[in-house]
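Working notes for the structure below.
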Amino acid sequence: MKQSLFESRHQEEWAHLSGLLDQLERSRNAPQSRDFPPAYRRLCHHLALAQARGYSSLLIDTLQQLALRGHQQLYRDRSRPSASLSSFILAGFPRLVREQWGFVLVASVMFLGSLAGIGLLVYLFPELVYSLLSAEEVSQIRGMYDPVAGHLGRSIERASSEDWAMFGYYIMHNIGIAFQTFASGLMFGLGSAFFLFFNGLTIGAVAGHLTQIGSGGTFWSFVIGHGAFELTAITLAGAAGLQLGWALIAPGRLTRGEALRLAAGKSVLMIGGVMLFLLIAAFIEAYWSSSAVSSATKYTVGALLWLLVLSYLLFAGRVRHAPE
Amino acid sequence: MLDTPALQRNATLPAPLDTRYQVETPEGIDLPLRPAGLVPRSLAFAIDLGIRGLVLGLLFLILAFFGELGIGLGSILLFIISWWYMVLFEVLNQGRSPGKQIMGLRVVQDDGRPIGWSASLIRNLLRFVDMLPFAYAFGAISCLQHPTFKRLGDLAAGTLVVYREQPVKRPTLPLVQPLRPPFALSLNEQRAVLSFAERQAELSPARVNELASILAAPLTVPAPRAVAELNGIARGLLGPT
């Protein structure tokens, strides 16, 4: 068949497909029309014919562009994160954490181990704190948690707008740290390990120092509530980063690139859960931890939150439900 | 047009001359993508950076009037704009952040599909490592040594930054009498004649004559008539003789 005959015979089909594609490209949620897949398949057929028959390259280029647009619409990712969110929270996230228990364990030892270890050391040898924190930082922290100076150095009647300011700050600061801890895992896990140790050492030093000078009451009652979510989240972000690094160190039977891609797909889900945890933590930190309830209540609620987080990660999603 | 003759089993493919990247679709056709190199990508990033700076500056000016509430909103906005700007634009605007849109680029997955939430999140979170140790050094090194110019985030996410396709303009061939070729043309010869006819408007008349006169002898016409002869054959290939 001559090219001009071929073109004039199929011109209409191509224009129709191009119109369908315009519609699909304009809105992400436009329902796919029933005649789009067959029209696209016909076009692929025409493209193959045109190539095999040696038609002019400008015609082939045009058809190729149309095919590329069709390919992108036919095979685009239609998963909607909002739709799968509830099943991810109820079962997917804790399952993922249990599946990656090895990395979670290593990250916990790095982070919580260094936190507890340095905390104890600073408690026993008080001058050690100055080798980890500068003198100004120490005095600033002392001022913040001074039990005599009232409520965390601020007036008890803290305006709700100030809670807002802190909420925003915690979100930005903490999720930023979690993202860094995760991303730097790409450097063979070294970055994640560094951030886990670094944060563990800093927090541990502050905790040990404040307990030793007698501000332990204000400090522990402040941190116990949101700590359940925040410390777990940082640990999990570290675990996700270590997973990336491990894929590069020991890719198994895959190429390093392939192993990295697979590991990244899993660990980014973990980061989704980490973000949820940190949002909750920021909310608790801004509105509950700084509120003026008695320490006893805060300890009780804090302990319950820890229990909740641990049992969620350990037990949620163990039973498969049909409608998941 | 990539023309691969039937290859023997285990034969290695010849290295391509250009940076085009072929995606084979489930329908069995090859779609060419054109990966974008370091310079257009850095320019696109610079544009995005400028836009973000401008937007943040304006918002902070406005939020300064709201006191503490403004600080809270401001930090949330700073967080969203610094970590989510790229992800939101890439997923919701067909792989194009404003900078990429201006530079004519877009992000796609390795198999040519549009980018989804998880891949976009991965490539943009790992941007943090690409920026290390200073001024995107890791990203630039990775981009320069990779055959399809991927930075580290692209490697992990399995994504590709490509040039957007520009619509093809099809010139009309000179109106001459369609001719039958004096001998049977192979596919490649046929394509060459058609390309000559379609692209002669982009060349100077002298060059057109020079190219055509190469074929004067096999076509058995005098050199000055070769252009008309070739146009006639092209017409004949396209339409009824």
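Residue names in the structure tokens use chain letters A, B, ... in the order shown, residue numbers from 1 in each chain, and ligand numbers from 1 in the order shown.
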> Please, which residues of segment 79-187 of chain B, numbered as in this document, come out alpha helix (DSSP H) from DSSP, as a ChimeraX atom specification?
Replying inline: /B:79,85-92,98-103,117-125,127-130,137-145,152-157,187
Quick one: residues within 10 Å of Trp288 of chain A, only C-alpha atoms, excluding same-chain residues fewer than 3 positions away - as an mmCIF file with N, CA and C atoms, in the first residue's frame?
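around.cif, written as the output of this step:
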data_model
loop_
_atom_site.group_PDB
_atom_site.id
_atom_site.type_symbol
_atom_site.label_atom_id
_atom_site.label_comp_id
_atom_site.auth_asym_id
_atom_site.auth_seq_id
_atom_site.Cartn_x
_atom_site.Cartn_y
_atom_site.Cartn_z
ATOM 1 N N ASP A 163 1.126 27.274 70.744
ATOM 2 C CA ASP A 163 1.083 25.845 70.445
ATOM 3 C C ASP A 163 1.178 25.620 68.944
ATOM 4 N N PHE A 222 7.805 15.720 80.328
ATOM 5 C CA PHE A 222 7.568 16.394 79.041
ATOM 6 C C PHE A 222 7.754 15.450 77.862
ATOM 7 N N GLY A 225 5.465 11.380 76.603
ATOM 8 C CA GLY A 225 4.291 11.211 75.746
ATOM 9 C C GLY A 225 4.645 11.118 74.273
ATOM 10 N N HIS A 226 5.261 12.201 73.737
ATOM 11 C CA HIS A 226 5.534 12.175 72.299
ATOM 12 C C HIS A 226 6.737 11.311 71.972
ATOM 13 N N ALA A 281 3.325 12.678 66.703
ATOM 14 C CA ALA A 281 4.258 13.120 67.736
ATOM 15 C C ALA A 281 4.253 14.637 67.859
ATOM 16 N N ALA A 282 4.259 15.341 66.695
ATOM 17 C CA ALA A 282 4.280 16.801 66.740
ATOM 18 C C ALA A 282 3.012 17.329 67.409
ATOM 19 N N PHE A 283 1.900 16.674 67.121
ATOM 20 C CA PHE A 283 0.631 17.089 67.710
ATOM 21 C C PHE A 283 0.674 16.922 69.227
ATOM 22 N N ILE A 284 1.133 15.727 69.684
ATOM 23 C CA ILE A 284 1.198 15.479 71.135
ATOM 24 C C ILE A 284 2.171 16.451 71.784
ATOM 25 N N GLU A 285 3.325 16.664 71.130
ATOM 26 C CA GLU A 285 4.366 17.513 71.725
ATOM 27 C C GLU A 285 3.862 18.938 71.896
ATOM 28 N N SER A 291 1.216 20.922 78.101
ATOM 29 C CA SER A 291 0.049 21.396 78.839
ATOM 30 C C SER A 291 0.307 21.264 80.335
ATOM 31 N N ALA A 292 -0.575 21.855 81.118
ATOM 32 C CA ALA A 292 -0.303 22.001 82.549
ATOM 33 C C ALA A 292 -0.919 20.894 83.396
ATOM 34 N N VAL A 293 -1.023 19.678 82.859
ATOM 35 C CA VAL A 293 -1.536 18.589 83.689
ATOM 36 C C VAL A 293 -0.453 18.083 84.632
ATOM 37 N N LYS A 298 0.747 12.643 83.195
ATOM 38 C CA LYS A 298 1.590 12.565 81.993
ATOM 39 C C LYS A 298 2.335 11.253 81.939
#
> Any idea which chain B residues end up within 7 Å of chain A if we count only C-alpha atoms, as number ranges by chain please?
Replying inline: B: 1, 27, 29, 31, 68-69, 71-73, 75-76, 79, 112-114, 116, 118, 122, 125-126, 128-129, 155-158, 165, 168, 170, 187, 190-191, 194-195, 237-239
Filtering to N, CA and C atoms, could you give me those residues as a compact mmCIF listing (two decimals), in the first residue's frame?
# COMPACT_ATOMS: atom_id res chain seq x y z
N MET B 1 15.76 6.99 12.55
CA MET B 1 15.14 5.67 12.46
C MET B 1 16.21 4.64 12.73
N GLU B 27 3.17 -4.06 23.60
CA GLU B 27 2.59 -4.27 22.28
C GLU B 27 3.67 -4.64 21.26
N ILE B 29 6.33 -2.75 20.29
CA ILE B 29 6.93 -1.68 19.49
C ILE B 29 7.98 -0.98 20.34
N LEU B 31 9.62 2.45 21.62
CA LEU B 31 9.38 3.89 21.69
C LEU B 31 10.68 4.57 22.08
N GLU B 68 2.38 34.52 66.13
CA GLU B 68 2.74 33.13 66.41
C GLU B 68 2.10 32.16 65.43
N LEU B 69 0.83 32.41 65.13
CA LEU B 69 0.14 31.55 64.17
C LEU B 69 0.89 31.56 62.85
N ILE B 71 4.07 32.06 62.43
CA ILE B 71 5.33 31.29 62.51
C ILE B 71 5.03 29.81 62.30
N GLY B 72 3.95 29.33 62.95
CA GLY B 72 3.59 27.93 62.81
C GLY B 72 3.27 27.59 61.38
N LEU B 73 2.39 28.40 60.78
CA LEU B 73 2.02 28.16 59.38
C LEU B 73 3.26 28.25 58.49
N SER B 75 6.39 27.62 59.22
CA SER B 75 7.28 26.45 59.23
C SER B 75 6.66 25.29 58.48
N ILE B 76 5.32 25.14 58.60
CA ILE B 76 4.69 24.04 57.85
C ILE B 76 4.87 24.28 56.34
N PHE B 79 8.33 23.56 55.24
CA PHE B 79 8.49 22.10 55.13
C PHE B 79 7.89 21.60 53.82
N GLY B 112 8.95 4.27 30.54
CA GLY B 112 8.21 5.27 29.78
C GLY B 112 6.88 5.66 30.38
N ARG B 113 6.49 5.02 31.50
CA ARG B 113 5.21 5.38 32.11
C ARG B 113 5.36 6.67 32.90
N PRO B 114 4.25 7.36 33.17
CA PRO B 114 4.34 8.55 34.01
C PRO B 114 4.75 8.18 35.43
N GLY B 116 4.86 7.90 39.47
CA GLY B 116 3.85 7.80 40.52
C GLY B 116 4.36 8.35 41.84
N SER B 118 5.26 6.90 44.72
CA SER B 118 6.38 6.32 45.44
C SER B 118 7.70 6.64 44.74
N ILE B 122 10.80 8.85 46.32
CA ILE B 122 12.16 8.31 46.45
C ILE B 122 13.16 9.26 45.80
N LEU B 125 13.46 12.51 47.85
CA LEU B 125 14.07 12.40 49.19
C LEU B 125 15.56 12.17 49.04
N LEU B 126 15.94 11.35 48.05
CA LEU B 126 17.36 11.04 47.89
C LEU B 126 18.14 12.20 47.28
N PHE B 128 18.72 14.70 48.76
CA PHE B 128 19.58 15.09 49.87
C PHE B 128 20.98 14.53 49.70
N VAL B 129 21.08 13.27 49.24
CA VAL B 129 22.40 12.66 49.06
C VAL B 129 23.07 13.21 47.79
N LEU B 155 18.51 6.62 40.04
CA LEU B 155 18.92 5.22 40.04
C LEU B 155 18.06 4.42 41.00
N ALA B 156 17.84 4.98 42.20
CA ALA B 156 17.08 4.24 43.21
C ALA B 156 15.60 4.19 42.84
N ALA B 157 15.08 5.25 42.26
CA ALA B 157 13.65 5.29 41.98
C ALA B 157 13.32 4.65 40.64
N GLY B 158 14.33 4.42 39.79
CA GLY B 158 14.05 3.88 38.46
C GLY B 158 13.33 4.89 37.59
N GLU B 165 8.29 15.56 23.90
CA GLU B 165 8.21 15.49 22.44
C GLU B 165 7.63 16.79 21.90
N VAL B 168 5.58 17.27 15.42
CA VAL B 168 6.31 17.21 14.15
C VAL B 168 5.58 18.05 13.12
N ARG B 170 5.01 18.65 9.24
CA ARG B 170 5.27 17.88 8.02
C ARG B 170 5.20 18.80 6.81
N LEU B 187 14.41 -1.00 1.42
CA LEU B 187 13.71 -0.18 2.42
C LEU B 187 14.52 1.06 2.79
N GLN B 190 14.58 3.55 0.04
CA GLN B 190 13.28 4.20 -0.03
C GLN B 190 13.15 5.30 1.03
N ARG B 191 13.59 4.97 2.28
CA ARG B 191 13.54 5.96 3.35
C ARG B 191 14.44 7.15 3.04
N LEU B 194 12.76 9.42 0.54
CA LEU B 194 11.66 10.17 1.16
C LEU B 194 12.20 11.26 2.08
N SER B 195 13.25 10.93 2.87
CA SER B 195 13.80 11.94 3.78
C SER B 195 14.39 13.09 2.98
N LEU B 237 6.57 7.19 -4.55
CA LEU B 237 6.54 6.27 -3.40
C LEU B 237 5.35 6.58 -2.50
N LEU B 238 5.04 7.88 -2.37
CA LEU B 238 3.96 8.27 -1.46
C LEU B 238 2.59 7.96 -2.06
N GLY B 239 2.42 8.37 -3.33
CA GLY B 239 1.07 8.32 -3.87
C GLY B 239 0.96 7.47 -5.12
>> When you count only C-alpha atoms, which of these residues is closest to Leu96 of chain A: A:Ala240, A:Thr300, A:Ala193, A:Leu307?
In response: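 Of the candidates, the smallest distance to Leu96 of chain A is held by A:Ala240.
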> Hey, what does DSSP flag as strand (DSSP E or B) within segment 34-233 of chain B? Can you give it to me as a ChimeraX atom specification?
Replying inline: /B:35,105-109,114,159-163
Could you write out the selected residues, including N, CA and C atoms, as a short mmCIF file (atom, residue, chain, number, x, y, z; two decimals), in the first residue's frame?
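See result18.cif below for the written result:
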data_model
loop_
_atom_site.label_atom_id
_atom_site.label_comp_id
_atom_site.auth_asym_id
_atom_site.auth_seq_id
_atom_site.Cartn_x
_atom_site.Cartn_y
_atom_site.Cartn_z
N PRO B 35 16.80 11.12 26.77
CA PRO B 35 17.18 11.57 28.11
C PRO B 35 17.88 12.93 28.06
N LEU B 105 11.33 19.64 29.73
CA LEU B 105 11.69 18.31 30.23
C LEU B 105 10.52 17.69 30.97
N ARG B 106 10.59 16.40 31.22
CA ARG B 106 9.64 15.75 32.11
C ARG B 106 10.29 14.52 32.71
N VAL B 107 9.73 14.06 33.84
CA VAL B 107 10.25 12.85 34.47
C VAL B 107 9.33 11.69 34.11
N VAL B 108 9.90 10.57 33.70
CA VAL B 108 9.11 9.37 33.45
C VAL B 108 9.81 8.20 34.15
N GLN B 109 9.08 7.09 34.28
CA GLN B 109 9.72 5.90 34.81
C GLN B 109 10.54 5.26 33.70
N PRO B 114 4.25 7.36 33.17
CA PRO B 114 4.34 8.55 34.01
C PRO B 114 4.75 8.18 35.43
N THR B 159 13.82 6.14 37.60
CA THR B 159 13.18 7.18 36.80
C THR B 159 14.20 7.79 35.84
N LEU B 160 13.68 8.62 34.95
CA LEU B 160 14.48 9.14 33.84
C LEU B 160 13.96 10.56 33.56
N VAL B 161 14.87 11.51 33.35
CA VAL B 161 14.41 12.82 32.92
C VAL B 161 14.59 12.90 31.41
N VAL B 162 13.51 13.12 30.67
CA VAL B 162 13.59 13.11 29.21
C VAL B 162 13.08 14.44 28.65
N TYR B 163 13.44 14.70 27.40
CA TYR B 163 12.88 15.85 26.69
C TYR B 163 11.45 15.54 26.32
#
> Any idea what the distance is between atom CA of Leu313 of chain A and atom CA of Leu121 of chain B?
Replying inline: 23.6 Å
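Relative to atom CA of Val223 of chain A, atom CA of Ser311 of chain A is found at 19.8 Å.
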> Which neighbours of Arg225 of chain B fall inside 10 Å, counting only C-alpha atoms, when residues of the same chain fewer than 4 positions from it are skipped, and could you give them as a ChimeraX atom specification?
Replying inline: /B:209,212-213,216,221,229-230
>> Just checking: using only C-alpha atoms, which residue out of A:Leu248, A:Leu24, A:Leu43, A:Ala286 ends up closest to Glu12 of chain A?
In response: A:Leu43
So which residues touch Leu20 of chain A within 9 Å, counting only C-alpha atoms, skipping near sequence neighbours fewer than 6 positions away, as an mmCIF file with N, CA and C atoms, in the first residue's frame?
data_model
loop_
_atom_site.group_PDB
_atom_site.id
_atom_site.type_symbol
_atom_site.label_atom_id
_atom_site.label_comp_id
_atom_site.auth_asym_id
_atom_site.auth_seq_id
_atom_site.Cartn_x
_atom_site.Cartn_y
_atom_site.Cartn_z
ATOM 1 N N GLN A 32 -11.370 6.143 31.671
ATOM 2 C CA GLN A 32 -10.872 5.746 30.359
ATOM 3 C C GLN A 32 -12.051 5.331 29.488
ATOM 4 N N SER A 33 -12.125 5.888 28.324
ATOM 5 C CA SER A 33 -13.233 5.503 27.456
ATOM 6 C C SER A 33 -12.991 4.076 26.950
ATOM 7 N N ASP A 35 -13.275 2.711 24.098
ATOM 8 C CA ASP A 35 -12.598 2.480 22.823
ATOM 9 C C ASP A 35 -11.164 2.991 22.810
ATOM 10 N N PHE A 36 -10.654 3.425 24.000
ATOM 11 C CA PHE A 36 -9.260 3.877 24.005
ATOM 12 C C PHE A 36 -8.266 2.720 23.834
#
>> Could you tell me how far atom CA of Asp154 of chain B sits from atom CA of Ala119 of chain B, in Å to one decimal place?
In response: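 Atom-to-atom, atom CA of Ala119 of chain B and atom CA of Asp154 of chain B are spaced 8.6 Å apart.
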> Which neighbours of segment 50-66 of chain B fall inside 9 Å, counting only C-alpha atoms, when residues of the same chain fewer than 5 positions from it are skipped, and could you give them as a VMD selection string?
Replying inline: chain B and resid 45 71 73 to 74 77 to 78 81 to 82 85 98 to 99
I need the chosen residues saved as a PDB file, in the first residue's frame, with C-alpha atoms.
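Wrote it out as result39.pdb, contents follow:
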ATOM      1  CA  PHE B  45      16.506  23.046  39.032  1.00  0.00           C
ATOM      2  CA  ILE B  71       5.326  31.288  62.512  1.00  0.00           C
ATOM      3  CA  LEU B  73       2.021  28.158  59.376  1.00  0.00           C
ATOM      4  CA  GLY B  74       5.308  29.452  58.013  1.00  0.00           C
ATOM      5  CA  LEU B  77       4.840  25.876  54.515  1.00  0.00           C
ATOM      6  CA  LEU B  78       8.636  25.852  54.553  1.00  0.00           C
ATOM      7  CA  ILE B  81       7.777  23.717  49.858  1.00  0.00           C
ATOM      8  CA  SER B  82      11.242  22.373  50.553  1.00  0.00           C
ATOM      9  CA  TYR B  85       7.217  20.970  45.886  1.00  0.00           C
ATOM     10  CA  PRO B  98       7.644  24.526  36.586  1.00  0.00           C
ATOM     11  CA  GLY B  99      11.392  24.569  35.912  1.00  0.00           C
TER      12      GLY B  99
END
> Which is closest to Val104 of chain A among A:Gly252, A:Gly208, A:Ala239, A:Ser289, if we use only C-alpha atoms?
Replying inline: A:Ala239
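Counting only C-alpha atoms and comparing B:Asn231, B:Ile80, B:Leu185, B:Trp117, the residue that lies closest to Asn93 of chain B is B:Trp117.
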